[in-house]
$ cat data-v7.txt   # compact mmCIF, C-alpha atoms
# COMPACT_ATOMS: atom_id res chain seq x y z
CA MET A 1 5.81 -67.13 86.42
CA ALA A 2 2.57 -66.70 88.35
CA LEU A 3 3.05 -66.49 92.09
CA ILE A 4 0.55 -67.54 94.72
CA ASN A 5 -0.78 -65.45 97.57
CA GLU A 6 1.48 -66.92 100.25
CA HIS A 7 -0.82 -65.75 103.02
CA TYR A 8 -3.14 -68.64 102.10
CA LEU A 9 -0.38 -71.03 103.11
CA LYS A 10 -0.65 -69.68 106.65
CA LEU A 11 -4.20 -71.00 106.98
CA THR A 12 -4.73 -74.28 108.75
CA LYS A 13 -5.34 -76.92 106.10
CA ASN A 14 -8.84 -77.84 107.17
CA TYR A 15 -11.86 -75.78 108.07
CA LEU A 16 -13.33 -76.65 111.49
CA PHE A 17 -16.54 -78.10 110.15
CA ALA A 18 -14.68 -80.08 107.47
CA ASP A 19 -12.64 -81.71 110.24
CA ILE A 20 -15.82 -82.58 112.10
CA ALA A 21 -17.39 -84.08 108.98
CA LYS A 22 -14.26 -86.18 108.38
CA LYS A 23 -14.34 -87.61 111.89
CA VAL A 24 -18.08 -88.28 111.76
CA ASN A 25 -17.77 -90.04 108.39
CA ALA A 26 -14.96 -92.19 109.77
CA PHE A 27 -17.20 -93.19 112.69
CA LYS A 28 -20.08 -94.04 110.35
CA ALA A 29 -17.79 -96.16 108.17
CA THR A 30 -16.80 -98.29 111.14
CA HIS A 31 -20.29 -98.25 112.68
CA PRO A 32 -22.60 -98.59 109.66
CA LYS A 33 -25.68 -99.30 111.79
CA ALA A 34 -25.24 -96.25 114.00
CA ASN A 35 -27.87 -93.51 113.81
CA VAL A 36 -25.86 -90.37 114.51
CA VAL A 37 -27.69 -87.27 115.75
CA SER A 38 -25.96 -83.96 115.04
CA LEU A 39 -26.16 -81.04 117.44
CA GLY A 40 -23.01 -79.59 115.92
CA ILE A 41 -23.22 -77.60 112.69
CA GLY A 42 -25.79 -74.82 112.95
CA ASP A 43 -27.92 -75.67 109.93
CA VAL A 44 -31.68 -75.27 110.18
CA THR A 45 -34.12 -78.17 109.90
CA GLN A 46 -37.59 -76.61 109.72
CA PRO A 47 -39.04 -75.80 106.28
CA LEU A 48 -39.52 -72.32 104.92
CA CYS A 49 -42.64 -70.65 106.25
CA PRO A 50 -45.73 -70.53 103.99
CA ALA A 51 -45.52 -66.78 103.32
CA VAL A 52 -41.98 -67.17 102.03
CA VAL A 53 -42.84 -70.16 99.87
CA GLU A 54 -45.82 -68.33 98.37
CA ALA A 55 -43.64 -65.31 97.58
CA MET A 56 -41.02 -67.51 95.92
CA HIS A 57 -43.65 -69.23 93.77
CA LYS A 58 -44.98 -65.86 92.70
CA ALA A 59 -41.45 -64.62 91.93
CA VAL A 60 -40.80 -67.70 89.80
CA ASP A 61 -44.00 -66.94 87.91
CA ASP A 62 -42.73 -63.39 87.40
CA MET A 63 -39.61 -64.84 85.81
CA SER A 64 -41.74 -66.88 83.40
CA ARG A 65 -43.39 -63.86 81.80
CA LYS A 66 -41.70 -61.34 79.57
CA GLU A 67 -43.43 -58.34 81.14
CA THR A 68 -42.35 -59.28 84.68
CA PHE A 69 -39.04 -61.02 83.95
CA HIS A 70 -35.99 -59.77 85.90
CA GLY A 71 -32.42 -60.05 84.66
CA TYR A 72 -29.50 -58.43 86.44
CA GLY A 73 -30.78 -56.64 89.50
CA PRO A 74 -29.17 -53.70 91.31
CA GLU A 75 -25.98 -54.81 93.06
CA GLN A 76 -27.14 -53.06 96.24
CA GLY A 77 -30.44 -54.95 96.20
CA TYR A 78 -33.99 -54.18 95.10
CA MET A 79 -35.55 -51.14 96.72
CA PHE A 80 -38.65 -53.10 97.78
CA LEU A 81 -36.54 -55.19 100.18
CA ARG A 82 -34.26 -52.40 101.36
CA LYS A 83 -37.28 -50.28 102.29
CA ALA A 84 -38.90 -53.22 104.10
CA ILE A 85 -35.73 -53.71 106.12
CA ALA A 86 -35.47 -50.04 107.10
CA GLU A 87 -39.15 -49.85 108.07
CA ASN A 88 -39.34 -53.15 109.98
CA ASP A 89 -35.93 -54.03 111.42
CA PHE A 90 -34.85 -50.54 112.45
CA LEU A 91 -37.58 -47.90 112.55
CA PRO A 92 -39.62 -49.65 115.31
CA ARG A 93 -36.48 -49.43 117.48
CA GLY A 94 -36.10 -45.73 116.83
CA ILE A 95 -33.25 -46.25 114.37
CA HIS A 96 -33.34 -44.29 111.14
CA ILE A 97 -31.55 -46.16 108.38
CA ASP A 98 -31.82 -44.91 104.83
CA PRO A 99 -32.33 -47.65 102.19
CA SER A 100 -29.19 -46.39 100.44
CA GLU A 101 -27.24 -47.55 103.52
CA ILE A 102 -28.49 -51.13 103.13
CA PHE A 103 -26.74 -53.65 100.88
CA ILE A 104 -28.47 -56.96 100.16
CA ASN A 105 -26.10 -59.94 100.11
CA ASP A 106 -26.15 -63.72 99.82
CA GLY A 107 -25.65 -64.22 103.54
CA ALA A 108 -23.65 -62.56 106.30
CA LYS A 109 -20.66 -64.87 105.87
CA SER A 110 -19.75 -63.35 102.49
CA ASP A 111 -19.82 -59.74 103.63
CA THR A 112 -18.08 -60.31 106.96
CA GLY A 113 -15.28 -61.95 105.00
CA ASN A 114 -15.17 -59.36 102.21
CA ILE A 115 -15.60 -56.11 104.15
CA GLY A 116 -11.88 -55.99 104.88
CA GLU A 117 -11.16 -55.25 101.23
CA ILE A 118 -12.05 -51.57 101.62
CA VAL A 119 -9.59 -50.88 104.46
CA ARG A 120 -5.79 -51.17 104.53
CA TRP A 121 -4.21 -54.59 104.67
CA ASP A 122 -2.02 -53.60 107.64
CA ASN A 123 -4.78 -52.39 109.96
CA SER A 124 -4.66 -54.06 113.34
CA ILE A 125 -7.68 -56.16 114.34
CA GLY A 126 -9.31 -57.19 117.57
CA VAL A 127 -11.58 -60.18 118.11
CA THR A 128 -13.48 -61.73 120.94
CA ASP A 129 -12.14 -65.18 121.74
CA PRO A 130 -13.73 -67.66 121.01
CA ILE A 131 -14.88 -66.37 117.63
CA TYR A 132 -16.54 -67.34 114.36
CA PRO A 133 -13.57 -68.60 112.26
CA VAL A 134 -14.38 -66.53 109.14
CA TYR A 135 -13.41 -63.28 110.88
CA ILE A 136 -9.86 -64.53 111.44
CA ASP A 137 -9.37 -66.57 108.27
CA SER A 138 -10.46 -63.77 105.93
CA ASN A 139 -7.86 -61.49 107.52
CA VAL A 140 -5.19 -64.16 107.27
CA MET A 141 -5.85 -64.40 103.52
CA CYS A 142 -4.84 -60.78 102.92
CA GLY A 143 -1.91 -60.79 105.34
CA ARG A 144 -3.58 -58.63 107.96
CA ALA A 145 -3.44 -61.21 110.76
CA GLY A 146 0.35 -61.52 110.81
CA THR A 147 1.95 -64.84 111.71
CA LEU A 148 0.63 -67.74 113.76
CA ASP A 149 2.39 -68.55 117.02
CA GLY A 150 0.99 -70.90 119.62
CA GLY A 151 -2.51 -70.72 118.20
CA ARG A 152 -2.57 -66.90 118.15
CA TRP A 153 -1.95 -64.44 115.32
CA SER A 154 0.65 -61.74 115.88
CA ASN A 155 -1.40 -58.79 114.59
CA VAL A 156 -4.61 -59.78 116.34
CA THR A 157 -5.69 -58.53 119.75
CA TYR A 158 -7.59 -61.32 121.47
CA MET A 159 -10.31 -60.40 123.96
CA PRO A 160 -11.05 -63.58 125.92
CA CYS A 161 -14.64 -64.47 126.82
CA ARG A 162 -14.40 -66.97 129.66
CA GLU A 163 -16.20 -68.08 132.76
CA ASP A 164 -14.01 -65.92 134.96
CA ASN A 165 -15.19 -62.72 133.22
CA ASN A 166 -18.77 -63.90 132.68
CA PHE A 167 -18.04 -64.01 128.94
CA VAL A 168 -17.80 -60.21 128.81
CA PRO A 169 -14.76 -59.22 126.73
CA GLN A 170 -12.45 -56.61 128.17
CA ILE A 171 -11.97 -53.49 126.09
CA PRO A 172 -8.33 -53.24 124.87
CA ASP A 173 -5.95 -50.97 126.75
CA HIS A 174 -4.46 -49.84 123.43
CA ARG A 175 -5.74 -48.63 120.08
CA VAL A 176 -7.04 -51.23 117.60
CA ASP A 177 -8.06 -50.25 114.06
CA MET A 178 -10.82 -52.81 113.47
CA ILE A 179 -12.85 -54.83 115.99
CA TYR A 180 -15.20 -57.73 115.32
CA LEU A 181 -18.17 -58.23 117.64
CA CYS A 182 -20.91 -60.84 117.28
CA TYR A 183 -24.03 -60.66 119.46
CA PRO A 184 -25.89 -62.78 120.29
CA ASN A 185 -22.59 -64.56 120.18
CA ASN A 186 -21.59 -67.48 118.01
CA PRO A 187 -20.35 -69.78 119.49
CA THR A 188 -21.04 -69.06 123.19
CA GLY A 189 -24.72 -68.08 122.88
CA THR A 190 -24.12 -65.17 125.27
CA THR A 191 -25.31 -61.59 124.78
CA ILE A 192 -24.07 -58.08 125.44
CA SER A 193 -25.86 -55.52 127.58
CA ARG A 194 -26.67 -52.04 126.39
CA GLU A 195 -24.20 -50.61 128.90
CA GLU A 196 -21.36 -52.82 127.69
CA LEU A 197 -22.13 -52.11 124.04
CA ARG A 198 -22.05 -48.38 124.78
CA LYS A 199 -18.51 -48.83 126.12
CA TRP A 200 -17.42 -50.32 122.81
CA VAL A 201 -18.98 -47.51 120.80
CA ASN A 202 -17.31 -44.93 123.04
CA TYR A 203 -13.96 -46.73 122.63
CA ALA A 204 -14.38 -46.69 118.85
CA LEU A 205 -15.27 -42.99 118.81
CA LYS A 206 -12.27 -42.15 120.96
CA ASN A 207 -9.78 -44.28 119.02
CA ASP A 208 -11.12 -43.85 115.46
CA THR A 209 -11.84 -47.57 115.34
CA ILE A 210 -14.28 -49.40 113.04
CA ILE A 211 -16.55 -52.00 114.62
CA PHE A 212 -17.76 -54.84 112.42
CA TYR A 213 -20.91 -55.92 114.26
CA ASP A 214 -22.42 -59.29 113.33
CA ALA A 215 -26.09 -59.35 114.38
CA ALA A 216 -27.00 -62.55 112.52
CA TYR A 217 -28.84 -63.99 115.54
CA GLU A 218 -30.60 -60.88 116.84
CA ALA A 219 -34.05 -62.35 116.07
CA TYR A 220 -33.48 -64.93 118.81
CA ILE A 221 -33.19 -62.34 121.57
CA GLN A 222 -35.91 -62.88 124.18
CA ASP A 223 -34.87 -60.31 126.80
CA PRO A 224 -36.33 -56.86 125.94
CA ASP A 225 -33.38 -55.09 127.57
CA ILE A 226 -30.80 -56.60 125.19
CA PRO A 227 -30.02 -54.47 122.11
CA HIS A 228 -30.80 -55.95 118.70
CA SER A 229 -28.59 -53.51 116.82
CA ILE A 230 -25.45 -51.54 117.60
CA TYR A 231 -27.23 -48.51 116.11
CA GLU A 232 -29.40 -48.39 119.23
CA ILE A 233 -26.31 -46.80 120.79
CA LYS A 234 -25.74 -43.10 120.18
CA GLY A 235 -22.76 -42.44 117.94
CA ALA A 236 -22.61 -45.96 116.49
CA ARG A 237 -23.42 -44.75 112.98
CA LYS A 238 -20.01 -43.05 112.92
CA VAL A 239 -18.06 -46.19 113.78
CA ALA A 240 -19.94 -49.39 112.91
CA VAL A 241 -20.88 -51.66 110.02
CA GLU A 242 -23.64 -54.13 110.88
CA PHE A 243 -24.31 -57.53 109.28
CA HIS A 244 -27.62 -59.40 109.21
CA SER A 245 -28.65 -62.77 107.83
CA TYR A 246 -31.92 -64.54 107.04
CA SER A 247 -30.20 -67.92 107.24
CA LYS A 248 -31.16 -68.66 110.83
CA THR A 249 -33.88 -66.02 111.16
CA ALA A 250 -36.07 -67.51 108.44
CA GLY A 251 -34.36 -70.76 107.43
CA PHE A 252 -32.59 -69.28 104.40
CA THR A 253 -29.42 -71.41 104.63
CA GLY A 254 -30.35 -72.90 101.25
CA VAL A 255 -31.95 -69.75 99.82
CA ARG A 256 -29.10 -67.31 100.55
CA CYS A 257 -30.00 -63.77 101.50
CA GLY A 258 -29.02 -61.22 104.12
CA TYR A 259 -27.89 -57.63 104.29
CA THR A 260 -25.19 -55.26 105.48
CA VAL A 261 -25.66 -51.73 106.78
CA VAL A 262 -22.95 -49.17 106.03
CA PRO A 263 -23.97 -45.74 107.39
CA LYS A 264 -23.01 -42.68 105.38
CA GLU A 265 -21.39 -41.07 108.44
CA LEU A 266 -18.84 -43.90 108.67
CA THR A 267 -15.46 -42.87 107.26
CA ALA A 268 -11.85 -44.02 107.29
CA ALA A 269 -8.68 -41.98 106.98
CA SER A 270 -6.07 -41.75 104.25
CA MET A 271 -2.53 -42.86 105.04
CA ASP A 272 -1.43 -39.32 105.89
CA GLY A 273 -4.56 -38.70 107.93
CA LYS A 274 -5.48 -35.60 105.96
CA GLU A 275 -8.51 -37.00 104.16
CA ARG A 276 -11.60 -38.96 105.26
CA TYR A 277 -13.40 -41.28 102.87
CA PRO A 278 -17.00 -42.54 103.25
CA LEU A 279 -17.09 -46.33 103.42
CA ASN A 280 -20.65 -46.42 102.09
CA GLU A 281 -19.42 -45.20 98.69
CA MET A 282 -16.44 -47.54 98.74
CA TRP A 283 -18.55 -50.57 99.61
CA LEU A 284 -20.99 -49.70 96.82
CA ARG A 285 -18.07 -49.51 94.40
CA ARG A 286 -16.73 -52.83 95.61
CA GLN A 287 -20.11 -54.56 95.32
CA SER A 288 -20.76 -53.06 91.89
CA THR A 289 -17.45 -54.50 90.70
CA LYS A 290 -17.34 -57.91 92.39
CA PHE A 291 -20.93 -58.91 93.21
CA ASN A 292 -23.75 -59.66 90.78
CA GLY A 293 -26.47 -59.19 93.35
CA THR A 294 -28.79 -61.58 95.17
CA SER A 295 -31.44 -63.26 93.02
CA TYR A 296 -34.82 -61.61 92.52
CA ILE A 297 -36.52 -64.77 93.82
CA SER A 298 -34.51 -64.75 97.06
CA GLN A 299 -35.20 -61.07 97.64
CA ARG A 300 -38.94 -61.49 97.13
CA ALA A 301 -38.76 -64.36 99.61
CA ALA A 302 -37.02 -62.12 102.13
CA GLU A 303 -39.56 -59.35 101.60
CA ALA A 304 -42.33 -61.78 102.59
CA ILE A 305 -40.78 -62.15 106.03
CA TYR A 306 -41.94 -58.62 106.82
CA THR A 307 -45.62 -59.19 106.01
CA PRO A 308 -47.94 -59.74 109.02
CA GLU A 309 -48.26 -63.42 108.07
CA GLY A 310 -44.53 -63.76 107.54
CA LYS A 311 -43.66 -62.18 110.86
CA ALA A 312 -45.98 -64.54 112.76
CA GLN A 313 -44.75 -67.61 110.91
CA VAL A 314 -41.06 -66.76 111.35
CA LYS A 315 -41.60 -66.10 115.04
CA ALA A 316 -43.23 -69.53 115.39
CA VAL A 317 -40.15 -71.21 113.92
CA ILE A 318 -37.81 -69.20 116.15
CA ASP A 319 -39.95 -70.17 119.16
CA TYR A 320 -39.62 -73.80 118.08
CA TYR A 321 -35.82 -73.64 118.06
CA MET A 322 -35.72 -71.73 121.34
CA GLY A 323 -38.01 -74.39 122.80
CA ASN A 324 -35.34 -76.91 121.84
CA ALA A 325 -32.72 -74.72 123.51
CA ARG A 326 -34.67 -74.57 126.77
CA GLN A 327 -35.12 -78.34 126.86
CA MET A 328 -31.46 -78.90 126.08
CA LYS A 329 -30.25 -76.49 128.73
CA ASP A 330 -32.55 -77.89 131.41
CA ALA A 331 -31.58 -81.48 130.62
CA LEU A 332 -27.84 -80.89 130.43
CA THR A 333 -27.84 -78.79 133.60
CA SER A 334 -29.71 -81.55 135.43
CA LEU A 335 -26.91 -83.92 134.40
CA GLY A 336 -24.42 -81.73 136.24
CA LEU A 337 -22.95 -79.97 133.23
CA LYS A 338 -22.27 -76.23 133.19
CA VAL A 339 -24.22 -74.70 130.33
CA TYR A 340 -24.13 -71.12 129.06
CA GLY A 341 -26.19 -69.44 126.35
CA GLY A 342 -29.41 -70.96 125.03
CA GLU A 343 -31.61 -68.20 126.48
CA ASN A 344 -31.27 -65.43 123.89
CA ALA A 345 -29.50 -67.43 121.20
CA PRO A 346 -29.82 -70.84 119.52
CA TYR A 347 -26.37 -71.93 120.74
CA LEU A 348 -25.39 -73.60 124.01
CA TRP A 349 -21.82 -73.43 125.30
CA VAL A 350 -21.16 -76.52 127.42
CA LYS A 351 -18.16 -76.95 129.68
CA THR A 352 -16.55 -80.36 129.34
CA PRO A 353 -16.50 -82.35 132.59
CA ASP A 354 -13.32 -83.17 134.50
CA GLY A 355 -11.15 -80.86 132.41
CA VAL A 356 -11.38 -82.99 129.28
CA ASP A 357 -10.17 -81.13 126.20
CA SER A 358 -12.67 -80.18 123.50
CA TRP A 359 -11.70 -82.66 120.78
CA THR A 360 -11.45 -85.56 123.23
CA PHE A 361 -14.94 -84.80 124.54
CA PHE A 362 -16.20 -84.53 120.95
CA GLU A 363 -14.94 -88.05 120.23
CA GLN A 364 -16.19 -89.41 123.55
CA MET A 365 -19.68 -88.09 122.85
CA LEU A 366 -19.63 -89.35 119.27
CA TYR A 367 -18.55 -92.87 120.20
CA GLY A 368 -20.35 -93.02 123.53
CA ALA A 369 -23.69 -91.42 122.64
CA GLN A 370 -23.57 -91.20 118.82
CA VAL A 371 -24.19 -87.45 119.12
CA VAL A 372 -22.17 -84.77 117.31
CA CYS A 373 -21.10 -81.52 118.99
CA THR A 374 -18.61 -78.83 117.91
CA PRO A 375 -15.27 -78.62 119.78
CA GLY A 376 -14.94 -75.18 121.33
CA VAL A 377 -11.22 -74.89 120.66
CA GLY A 378 -12.06 -74.73 116.96
CA PHE A 379 -13.37 -71.21 117.64
CA GLY A 380 -10.19 -69.99 119.32
CA PRO A 381 -7.82 -70.63 122.25
CA SER A 382 -10.37 -69.59 124.89
CA GLY A 383 -12.80 -72.18 123.54
CA GLU A 384 -10.72 -75.02 124.90
CA GLY A 385 -12.61 -77.06 127.47
CA PHE A 386 -16.01 -76.30 125.92
CA VAL A 387 -18.21 -77.65 123.15
CA ARG A 388 -20.96 -75.89 121.22
CA LEU A 389 -24.39 -77.40 120.73
CA THR A 390 -27.09 -75.98 118.47
CA SER A 391 -30.86 -76.05 118.95
CA PHE A 392 -31.60 -76.05 115.21
CA GLY A 393 -32.45 -79.74 115.14
CA ASP A 394 -35.78 -81.47 114.91
CA ARG A 395 -37.53 -81.64 118.29
CA ASN A 396 -37.56 -85.44 118.30
CA ASP A 397 -33.88 -85.62 117.37
CA CYS A 398 -32.99 -83.22 120.18
CA ALA A 399 -34.94 -85.34 122.66
CA GLU A 400 -33.23 -88.49 121.40
CA ALA A 401 -29.81 -86.87 121.67
CA LEU A 402 -30.48 -85.75 125.25
CA HIS A 403 -31.65 -89.25 126.14
CA ARG A 404 -28.46 -90.77 124.73
CA ILE A 405 -26.23 -88.21 126.45
CA SER A 406 -27.99 -88.91 129.75
CA GLN A 407 -27.45 -92.65 129.42
CA TRP A 408 -23.84 -92.16 128.35
CA LEU A 409 -22.93 -89.82 131.21
CA SER A 410 -24.69 -92.07 133.72
CA LYS A 411 -22.48 -95.05 132.96

$ encode --input "data-v7.txt" --output "structure tokens"
Amino acid sequence: MALINEHYLKLTKNYLFADIAKKVNAFKATHPKANVVSLGIGDVTQPLCPAVVEAMHKAVDDMSRKETFHGYGPEQGYMFLRKAIAENDFLPRGIHIDPSEIFINDGAKSDTGNIGEIVRWDNSIGVTDPIYPVYIDSNVMCGRAGTLDGGRWSNVTYMPCREDNNFVPQIPDHRVDMIYLCYPNNPTGTTISREELRKWVNYALKNDTIIFYDAAYEAYIQDPDIPHSIYEIKGARKVAVEFHSYSKTAGFTGVRCGYTVVPKELTAASMDGKERYPLNEMWLRRQSTKFNGTSYISQRAAEAIYTPEGKAQVKAVIDYYMGNARQMKDALTSLGLKVYGGENAPYLWVKTPDGVDSWTFFEQMLYGAQVVCTPGVGFGPSGEGFVRLTSFGDRNDCAEALHRISQWLSK
């Protein structure tokens, strides 16, 4: 008799964004003439930049000719892209990353969920709260999170990010084996200073902790003093894995490409503590076994981002989305709402008025303004009383949504 992985039964039955879609579809069914504007799910709306499109066309042509056809590629990614990443994303910041430490993936979500396979199932984990749901759910699936009690998992150390601590998580007062950090943060849109990030690296060095650092939104940082990579901090190569994505940087949500950095200095201990094993080699072995590699066409598209034309075009799109964020923050603040984020990230974290809970405010906004947001409690207990808005929409749709919200709140 085949037995199931019972840890899957611990998961809540619906994914946050599936619940949102269900509620929105129910509203549309009962209001067929309504024109709903979504500021909820963080999907991009602007087309791929010309340099990327040109590279993809050329790559497709390569696939049409025998002499330039590509079949299975290297599981770690083509060297042309890994070198471009090392020379453009890291070297200008004084960070020396060898291409052999870079693993091309199909988006950061996959690797952030799969990285836990190369460490023990009973390692303790720490997360900022609120948090991107994949970090928790992937650990629930293997039994690492423990049991759910009152919205919290028993083997998870929660580090609340709230108004009263300026959304700066407190470092645990005890040892944690694995810690997930995401900056600029999804969902709050807040950032971490160099000084605070140094504290985390020092904690990890002292406690033999691994930091899984999600930098998927680093391209949106506007403040020159905010670090783009954890490897800007001395010693981080010994304790951190870093994840990057082109999904929001270059509109690759439908193309699928990103990368993970696993430094060769990063090791983990055997059960008896007598041996240390390099995670770079283990991750390569895992990827070689369970990942067929990102398509040649997608990797050529990503390479084009690093050309002079590609850099300028991608920056223009990022500026467009950040322009939306500025307009949204100014408008919502003028309506008397408390708004965080939106300055170095494409997300805005909005406090619900009058203590209304997140899901109630979601439904009030949907029915009152025909605008979709994301309930903050879906990202963790500390998200209650907030909603997340994204600036990835079309400029006209954002303006329309703000107009509707203004009319709705003024009633």

$ closest_residue --input "data-v7.txt" --among "A:Ala250, A:Val387, A:Ile41, A:Cys161" --to "A:Ala304" --atoms "only C-alpha atoms"
A:Ala250

$ atom_distance --input "data-v7.txt" --atom1 "atom CA of A:Tyr296" --atom2 "atom CA of A:Gly258"
13.0 Å

$ closest_residue --input "data-v7.txt" --among "A:Thr253, A:Ser229, A:Gln76, A:Asn165" --to "A:Glu281" --atoms "all atoms listed in the file"
A:Gln76

$ residues_around --input "data-v7.txt" --residues "stretch 333-335 of chain A" --least-positions-apart "4" --cutoff "7 Å" --atoms "all atoms listed in the file" --output "PyMOL selection string"
chain A and resi 329+339+406

$ closest_atom_pairs --input "data-v7.txt" --of "stretch 228-261 of chain A" --to "stretch 93-111 of chain A" --cutoff "8 Å" --atoms "all atoms listed in the file" --output "JSON lines"
{"residue": "A:Tyr231", "atom": "CA", "partner": "A:Ile95", "partner_atom": "CA", "distance": 6.7}
{"residue": "A:Glu232", "atom": "CA", "partner": "A:Ile95", "partner_atom": "CA", "distance": 6.6}
{"residue": "A:Phe243", "atom": "CA", "partner": "A:Ala108", "partner_atom": "CA", "distance": 5.9}
{"residue": "A:His244", "atom": "CA", "partner": "A:Ala108", "partner_atom": "CA", "distance": 5.8}
{"residue": "A:Ser245", "atom": "CA", "partner": "A:Ala108", "partner_atom": "CA", "distance": 5.2}
{"residue": "A:Tyr246", "atom": "CA", "partner": "A:Gly107", "partner_atom": "CA", "distance": 7.2}
{"residue": "A:Ser247", "atom": "CA", "partner": "A:Gly107", "partner_atom": "CA", "distance": 6.9}
{"residue": "A:Arg256", "atom": "CA", "partner": "A:Asp106", "partner_atom": "CA", "distance": 4.7}
{"residue": "A:Cys257", "atom": "CA", "partner": "A:Asp106", "partner_atom": "CA", "distance": 4.2}
{"residue": "A:Gly258", "atom": "CA", "partner": "A:Gly107", "partner_atom": "CA", "distance": 4.5}
{"residue": "A:Tyr259", "atom": "CA", "partner": "A:Ile104", "partner_atom": "CA", "distance": 4.2}
{"residue": "A:Thr260", "atom": "CA", "partner": "A:Phe103", "partner_atom": "CA", "distance": 5.1}
{"residue": "A:Val261", "atom": "CA", "partner": "A:Ile102", "partner_atom": "CA", "distance": 4.7}

$ atom_distance --input "data-v7.txt" --atom1 "atom CA of A:Thr45" --atom2 "atom CA of A:Lys28"
21.2 Å

$ residues_near_point --input "data-v7.txt" --point "(-36.4, -70.7, 105.3)" --cutoff "6 Å" --atoms "only C-alpha atoms" --output "PyMOL selection string"
chain A and resi 47-48+250-252

$ atom_distance --input "data-v7.txt" --atom1 "atom CA of A:Leu389" --atom2 "atom CA of A:Gly40"
5.5 Å

$ residues_around --input "data-v7.txt" --residues "A:Glu303" --least-positions-apart "5" --cutoff "8 Å" --atoms "all atoms listed in the file" --output "ChimeraX atom specification"
/A:80-81,84

$ closest_residue --input "data-v7.txt" --among "A:Ala219, A:Val36, A:Met365, A:Ile115" --to "A:Glu242" --atoms "only C-alpha atoms"
A:Ile115

$ residues_near_point --input "data-v7.txt" --point "(-21.4, -56.4, 116.8)" --cutoff "9 Å" --atoms "only C-alpha atoms" --output "JSON, numbers by chain"
{"A": [179, 180, 181, 182, 183, 184, 185, 197, 211, 212, 213, 214, 215, 229, 230, 240, 241, 242, 243]}

$ closest_residue --input "data-v7.txt" --among "A:Ile405, A:Leu366, A:Met1, A:Cys373" --to "A:Phe17" --atoms "only C-alpha atoms"
A:Cys373

$ residues_around --input "data-v7.txt" --residues "A:Lys338" --least-positions-apart "3" --cutoff "9 Å" --atoms "all atoms listed in the file" --output "PyMOL selection string"
chain A and resi 332-333+349-353

$ closest_residue --input "data-v7.txt" --among "A:Thr374, A:Gly189, A:Ile118, A:Ile20" --to "A:Thr267" --atoms "all atoms listed in the file"
A:Ile118

$ closest_residue --input "data-v7.txt" --among "A:Leu11, A:Ala86, A:Leu348, A:Ile4" --to "A:Ser138" --atoms "only C-alpha atoms"
A:Leu11

$ axis_aligned_box --input "data-v7.txt" --around "stretch 289-300 of chain A" --padding-each-side "4 Å" --output "AutoDock Vina command-line options"
--center_x -28.1 --center_y -59.6 --center_z 94.2 --size_x 29.6 --size_y 18.3 --size_z 14.9

$ decode --input "data-v7.txt" --residues "stretch 351-372 of chain A" --atoms "C-alpha atoms" --output "mmCIF file, in the first residue's frame"
data_model
loop_
_atom_site.group_PDB
_atom_site.id
_atom_site.type_symbol
_atom_site.label_atom_id
_atom_site.label_comp_id
_atom_site.auth_asym_id
_atom_site.auth_seq_id
_atom_site.Cartn_x
_atom_site.Cartn_y
_atom_site.Cartn_z
ATOM 1 C CA LYS A 351 -2.842 49.817 7.243
ATOM 2 C CA THR A 352 -6.570 49.204 7.263
ATOM 3 C CA PRO A 353 -8.580 52.053 8.803
ATOM 4 C CA ASP A 354 -10.457 51.761 12.097
ATOM 5 C CA GLY A 355 -8.917 48.404 12.988
ATOM 6 C CA VAL A 356 -10.755 46.508 10.253
ATOM 7 C CA ASP A 357 -9.292 43.047 9.704
ATOM 8 C CA SER A 358 -7.488 42.296 6.441
ATOM 9 C CA TRP A 359 -10.061 40.056 4.749
ATOM 10 C CA THR A 360 -12.954 42.329 5.680
ATOM 11 C CA PHE A 361 -11.142 45.319 4.182
ATOM 12 C CA PHE A 362 -10.356 43.254 1.081
ATOM 13 C CA GLU A 363 -14.059 42.576 0.571
ATOM 14 C CA GLN A 364 -15.048 46.155 1.395
ATOM 15 C CA MET A 365 -12.639 47.483 -1.220
ATOM 16 C CA LEU A 366 -13.727 44.910 -3.792
ATOM 17 C CA TYR A 367 -17.428 45.621 -3.378
ATOM 18 C CA GLY A 368 -17.098 49.317 -2.626
ATOM 19 C CA ALA A 369 -14.454 50.356 -5.177
ATOM 20 C CA GLN A 370 -14.160 47.284 -7.435
ATOM 21 C CA VAL A 371 -10.434 47.210 -6.671
ATOM 22 C CA VAL A 372 -8.500 44.089 -5.612
#
